[in-house]
Amino acid sequence: MTRAQVSRLLLLTGGAALLLGLAVGWLLAGMAIDAAGAGALFWLAAAVMGGVAIAGLWSVHRLMRGFVVQVRDLADAGRIILAANPDYRARGGGHPDVAALAEVINALGAQLQELQQARTVAIQQARSDLEEERNLLAALMAELTDGVLVCNLDGQILLYNRGARALLDSRAEAHRADAQTGYVGLGRSVFGVLDRDALIHALDQVRARSATDDVNESAPGGGEQMATTSLVATASNGRLLRLRLAPFAGAAGALRGYVLTLQDISEGIERSRRRDVLLQTLSERLRASVASMRAAIETLEQFPMLTATQQSRLQRVIRDEVTALSNNLNDTLRAYDSDLRAQWRLEEMHGSDLLWSIGRHLERRHSVTVQSDASDDALWLKVDSYTLLQGVSHLAAALAADFGIAALTLRLAAYEPAERAPGLEDLEAVNRPLPQANRPAFAALDIVWHAPGEDEAWQRWKARAYVVDATDGVLTLAEVAERHGGEVWFQRNGGQEVAYFRLLLPRAGRTDARAAAVPAAPGPRLGSRPEYYDFDLFHQPGQRPELDERPLRELVCTVFDTETTGLSPEMDAIVSIGALRIVNGRMLRQEVFEQLVDPRRPIPEVAINVHGISDAMVRGQPGIEVVLPRFHKFAEETVLVGHNLAFDLRMFQVQEDVTEVVFANPVLDTLLLSAVIHPEESNHSLEGIAMRLGVTAAGRHTALGDAIMTGEVFLRMIPLLEQQGIVTLRQARTAAERTYFARLKY
Amino acid sequence: MTHKVLIVDDEPNIVISLEFLMDQAGYAVAVARSGEEALAQIRTFQPDVVLLDVMLPGINGFDILQRVRQNATWQQIAIIMLTAKGRDVEVAKGLALGANAYVTKPFSTRDLLAEVRRCLNTGQNHDARPG
């Protein structure tokens, strides 16, 4: 009930009482004219009239205090129950009618709560299917070694995987003060991490191409597949990436966004640069050595009369040059070899997984019984498993076709060249350790079968089966070995009538004496989920000018808090910043900014008692001139949300000279918004609001803990604001501004 | 008794030096310039040591090695791989197929001679075979 309505009611009641009094007085006066003295009656009537009027006014006053205020509280309670916190209950007591109404409201609240719970359960059930699909997609994305980003047409990131983050993020290097690098995050702009011009150019190309496709739509089967394009672009962290851009369309066929796959090619370029340097060095040294030797030899030839000393000096020249050249060549080829070998994209794979997949493939494809024997369970390989599968498959097919062999044994073991190879009992090989100490390690994959008959026949067959027979595009084991930088050979034990091909495949990681026992590769990647998806972002429109008209529910916000050495922005300094992101009404707890700051001054005891951050804790932490630019980057293109954030912003402002960053983001203050929602309340502290809105405190008085609480509070405020018709960012800001000035006047 | 060394290589320049070197060391020397020729020489010349290149016209060195090792009558022949193929896996393959030693080019002649001598001694000690 508004104030105007109340005063109108007051006036009405007063008037009614007056009229009543007059009427009674007049009635009594009329009745008494003939009975008694008119004067006495008049005074009686006047007294009655006055009494009635006073009683009327008094009861109106009672009504106002006891009834109207209580009703107004009830309305507030009802609003909170309805919009924010169904657990909230109206206070009882007061006027019996009001108490009854409170009971009704509370009963409704209880029902609402029940309904909401039932609805939550139903929603959860309905969601589980969707969740399953999402998890599948997430797992798929996580397993990709390439980076994947999905963006809408405004360049906002809707989805990303671990690979993309590893390629684009530079948080690890962010301690450097340059802070020129961006963050990968939901709702963040892709242009923060990738070259804007390159992406826009690629997108234009795709648009142009799909436009021409539309023209040719009449062609059968045309227009279904949208054009993709690839480009090379520099990431803001300096990496050179090959991007593949695949657009996708909405239901109506219009372009909605694009999928980017990222590959790091800086490594490849670096490798070819190294190779160039190697070849260059090699040829230069070659020229120099050959020149010296040639000169020496020609001198020896031309002057047969040289003294013995002169001759031996020239000969030493040749010998020294040759030695140097030999060493050079060895070194260079060794380095070149590792560069060459790394060219193929080899994946790390668990040995027994490899055997299992080869075995299954052979059994299905060639109806071959396969027995697997992996002696070392901790063996990890670096393989191109598909190529390998093809090679082995080809061999199995040849064995089946030529000899009707339908049973194979796969054997996998670490290969130690220094030891005698297993299964070579009949050979007297005097194996000596290889010259290099730090060499890549190999594993031997044996494909074994029962091979009766003449040795010579098998030798003839194997040359055909695995080396030559590659005309129809089938991969031979020799090619497979080559791609792995390995080797392959055939061996036969005539006594046991057993033959096998042995494939040497690189093991994952390096082995030295200590690491040999431990799997060099990382174990299975547990919990490898990109937690980072939000498909609702598809519906998010563009940046800046429209931002103001966007509903609060759909904003990308950075909610943050700071801890300081004291309460004066001019005199005190920041010791900690905590922040996290809100996207589409969800708080993303994995997109977090949390950093201690060295204030470069002692932290007073009083402050330590509040936030628990001591001098020892900030020692060695970066200063504000490093942290604030990073936070600025984190908050870029988002709305800043905080509680009483004017204080924090003032803190930032004071530091502008040092940090060289200005926070120009739109801001929303939960303190002011609370005053908009509950103008009657006097307590707008974060705790007070949280209690009213049913937000439980966790980890308060750390910057991040307070930021989380502020975020929760903010999210619960959105429906309450909407009830007042405050839906967009602009409306919220205007309302907050109004309360701010209203508060100033008090 | 003079030991016999067979040099299998298709590069004449290196053969000149090797031939001279082995001759000076007091061995009887024969030369083969292809895989087929090598197998024929092993049969007729019956060397004690073979210096075997991998990259040969026709049958390659690894194949020759394997055939020698699979022939029971040739078990005593010491085979020294002498090749420009110097990657770890190639060395591993050579040793696995039964080479007595694996020497990569370029090599020091002194080391090679020492290797030949070692192989001959090992062979002598093992079966006291009369040359």
# chains A, B, ... in the order shown; residues from 1 in each chain; ligands from 1
>>> interface_residues(of="chain B", to="chain A", cutoff="9 Å", atoms="only C-alpha atoms", output="ChimeraX atom specification")
/B:63,66-67,69-70,75,86-93,95-102,105-108
>>> residues_around(residues="Ile77 of chain B", least_positions_apart="5", cutoff="12 Å", atoms="only C-alpha atoms", output="NGL selection string")
(:A and (428-429)) or (:B and (3-6 or 42-43 or 45-52 or 65 or 67-72 or 98-100 or 116 or 119-120 or 122-124 or 127 or 129 or 131))
>>> write_last_selection(atoms="C-alpha atoms", output="PDB file, in the first residue's frame")
ATOM      1  CA  GLU A 428      75.437 -66.509 -31.044  1.00  0.00           C
ATOM      2  CA  ALA A 429      75.044 -62.775 -31.245  1.00  0.00           C
TER       3      ALA A 429
ATOM      4  CA  HIS B   3      92.697 -65.800 -42.025  1.00  0.00           C
ATOM      5  CA  LYS B   4      90.382 -64.844 -44.855  1.00  0.00           C
ATOM      6  CA  VAL B   5      88.435 -61.589 -45.035  1.00  0.00           C
ATOM      7  CA  LEU B   6      85.623 -60.898 -47.496  1.00  0.00           C
ATOM      8  CA  ILE B  42      80.960 -66.894 -49.077  1.00  0.00           C
ATOM      9  CA  ARG B  43      80.270 -70.283 -50.632  1.00  0.00           C
ATOM     10  CA  PHE B  45      86.022 -68.298 -50.738  1.00  0.00           C
ATOM     11  CA  GLN B  46      84.816 -69.432 -47.267  1.00  0.00           C
ATOM     12  CA  PRO B  47      85.921 -66.325 -45.350  1.00  0.00           C
ATOM     13  CA  ASP B  48      86.491 -66.157 -41.600  1.00  0.00           C
ATOM     14  CA  VAL B  49      85.330 -62.561 -41.448  1.00  0.00           C
ATOM     15  CA  VAL B  50      82.909 -60.656 -43.670  1.00  0.00           C
ATOM     16  CA  LEU B  51      82.908 -56.847 -43.736  1.00  0.00           C
ATOM     17  CA  LEU B  52      79.335 -56.295 -44.835  1.00  0.00           C
ATOM     18  CA  LEU B  65      73.406 -61.603 -42.740  1.00  0.00           C
ATOM     19  CA  ARG B  67      70.928 -66.124 -44.732  1.00  0.00           C
ATOM     20  CA  VAL B  68      74.398 -66.700 -43.377  1.00  0.00           C
ATOM     21  CA  ARG B  69      73.063 -67.120 -39.868  1.00  0.00           C
ATOM     22  CA  GLN B  70      70.416 -69.564 -41.019  1.00  0.00           C
ATOM     23  CA  ASN B  71      72.896 -71.795 -42.780  1.00  0.00           C
ATOM     24  CA  ALA B  72      74.297 -74.319 -40.358  1.00  0.00           C
ATOM     25  CA  GLY B  98      73.275 -61.994 -35.655  1.00  0.00           C
ATOM     26  CA  ALA B  99      76.040 -59.580 -36.590  1.00  0.00           C
ATOM     27  CA  ASN B 100      79.154 -59.934 -34.431  1.00  0.00           C
ATOM     28  CA  VAL B 116      88.349 -57.885 -36.982  1.00  0.00           C
ATOM     29  CA  CYS B 119      86.092 -61.447 -33.918  1.00  0.00           C
ATOM     30  CA  LEU B 120      88.782 -63.832 -35.085  1.00  0.00           C
ATOM     31  CA  THR B 122      86.454 -65.030 -30.232  1.00  0.00           C
ATOM     32  CA  GLY B 123      85.859 -67.513 -33.033  1.00  0.00           C
ATOM     33  CA  GLN B 124      89.176 -69.280 -32.312  1.00  0.00           C
ATOM     34  CA  ASP B 127      85.544 -73.732 -31.414  1.00  0.00           C
ATOM     35  CA  ARG B 129      88.593 -74.076 -35.589  1.00  0.00           C
ATOM     36  CA  GLY B 131      91.942 -71.807 -40.286  1.00  0.00           C
TER      37      GLY B 131
END
>>> residues_around(residues="segment 712-729 of chain A", least_positions_apart="5", cutoff="6 Å", atoms="only C-alpha atoms", output="PDB file with C-alpha atoms, in the first residue's frame")
ATOM      1  CA  ALA A  83      10.608 -14.290  -6.140  1.00  0.00           C
ATOM      2  CA  ALA A  84      13.728 -15.142  -4.209  1.00  0.00           C
ATOM      3  CA  ASP A 548      22.743  -1.803 -21.876  1.00  0.00           C
ATOM      4  CA  GLU A 549      19.555  -3.247 -23.302  1.00  0.00           C
ATOM      5  CA  ARG A 550      20.485  -6.784 -22.434  1.00  0.00           C
ATOM      6  CA  PRO A 551      18.573  -8.509 -19.613  1.00  0.00           C
ATOM      7  CA  LEU A 552      20.494  -8.940 -16.371  1.00  0.00           C
TER       8      LEU A 552
END
>>> atom_distance(atom1="atom CA of Ala635 of chain A", atom2="atom CA of Val559 of chain A")
9.0 Å
>>> select_by_dssp(residues="segment 38-122 of chain B", states="strand (DSSP E)", output="ChimeraX atom specification")
/B:49-52,78-83,101-104
>>> atom_distance(atom1="atom CA of Tyr500 of chain A", atom2="atom CA of Trp449 of chain A")
6.3 Å
>>> residues_around(residues="segment 637-646 of chain A", least_positions_apart="4", cutoff="8 Å", atoms="only C-alpha atoms", output="MDAnalysis selection string")
chainID A and resid 188:189 543 555:561 650 665:672 686 707 710:711
>>> select_by_dssp(residues="segment 503-729 of chain A", states="alpha helix (DSSP H)", output="number ranges by chain")
A: 544-547, 605-611, 615-618, 624-635, 645-654, 656-659, 670-677, 686-692, 703-723, 729
>>> residues_around(residues="Met617 of chain A", least_positions_apart="5", cutoff="12 Å", atoms="only C-alpha atoms", output="PyMOL selection string")
chain A and resi 575-576+595-599+602-603+608+611-612+622
>>> write_last_selection(atoms="C-alpha atoms", output="compact mmCIF listing (two decimals), in the first residue's frame")
# COMPACT_ATOMS: atom_id res chain seq x y z
CA VAL A 575 46.46 -7.46 -0.52
CA SER A 576 44.18 -9.83 -2.43
CA GLN A 595 45.70 -13.63 -6.42
CA LEU A 596 47.51 -12.34 -3.37
CA VAL A 597 49.19 -8.98 -3.83
CA ASP A 598 52.29 -7.70 -2.10
CA PRO A 599 51.18 -4.32 -0.68
CA PRO A 602 53.27 -3.93 6.74
CA ILE A 603 49.70 -5.16 7.10
CA ILE A 608 44.98 -9.34 9.52
CA HIS A 611 41.06 -11.36 6.34
CA GLY A 612 43.85 -13.46 7.84
CA PRO A 622 53.45 -9.98 -7.42
>>> atom_distance(atom1="atom CA of Leu245 of chain A", atom2="atom CA of Ile265 of chain A")
16.1 Å
>>> residues_around(residues="Ile405 of chain A", least_positions_apart="6", cutoff="9 Å", atoms="only C-alpha atoms", output="list in words")
Val368, Ala396, Leu399, Trp449, His450 and Ala451 of chain A
>>> write_last_selection(atoms="C-alpha atoms", output="mmCIF file, in the first residue's frame")
data_model
loop_
_atom_site.group_PDB
_atom_site.id
_atom_site.type_symbol
_atom_site.label_atom_id
_atom_site.label_comp_id
_atom_site.auth_asym_id
_atom_site.auth_seq_id
_atom_site.Cartn_x
_atom_site.Cartn_y
_atom_site.Cartn_z
ATOM 1 C CA VAL A 368 42.085 -64.834 -37.087
ATOM 2 C CA ALA A 396 47.531 -61.157 -41.432
ATOM 3 C CA LEU A 399 49.440 -65.053 -44.126
ATOM 4 C CA TRP A 449 52.793 -67.700 -36.036
ATOM 5 C CA HIS A 450 53.367 -71.420 -36.493
ATOM 6 C CA ALA A 451 55.625 -71.760 -39.540
#
>>> closest_residue(among="B:Thr104, B:Met55, B:Asp9, B:Leu39", to="Trp74 of chain B", atoms="only C-alpha atoms")
B:Leu39
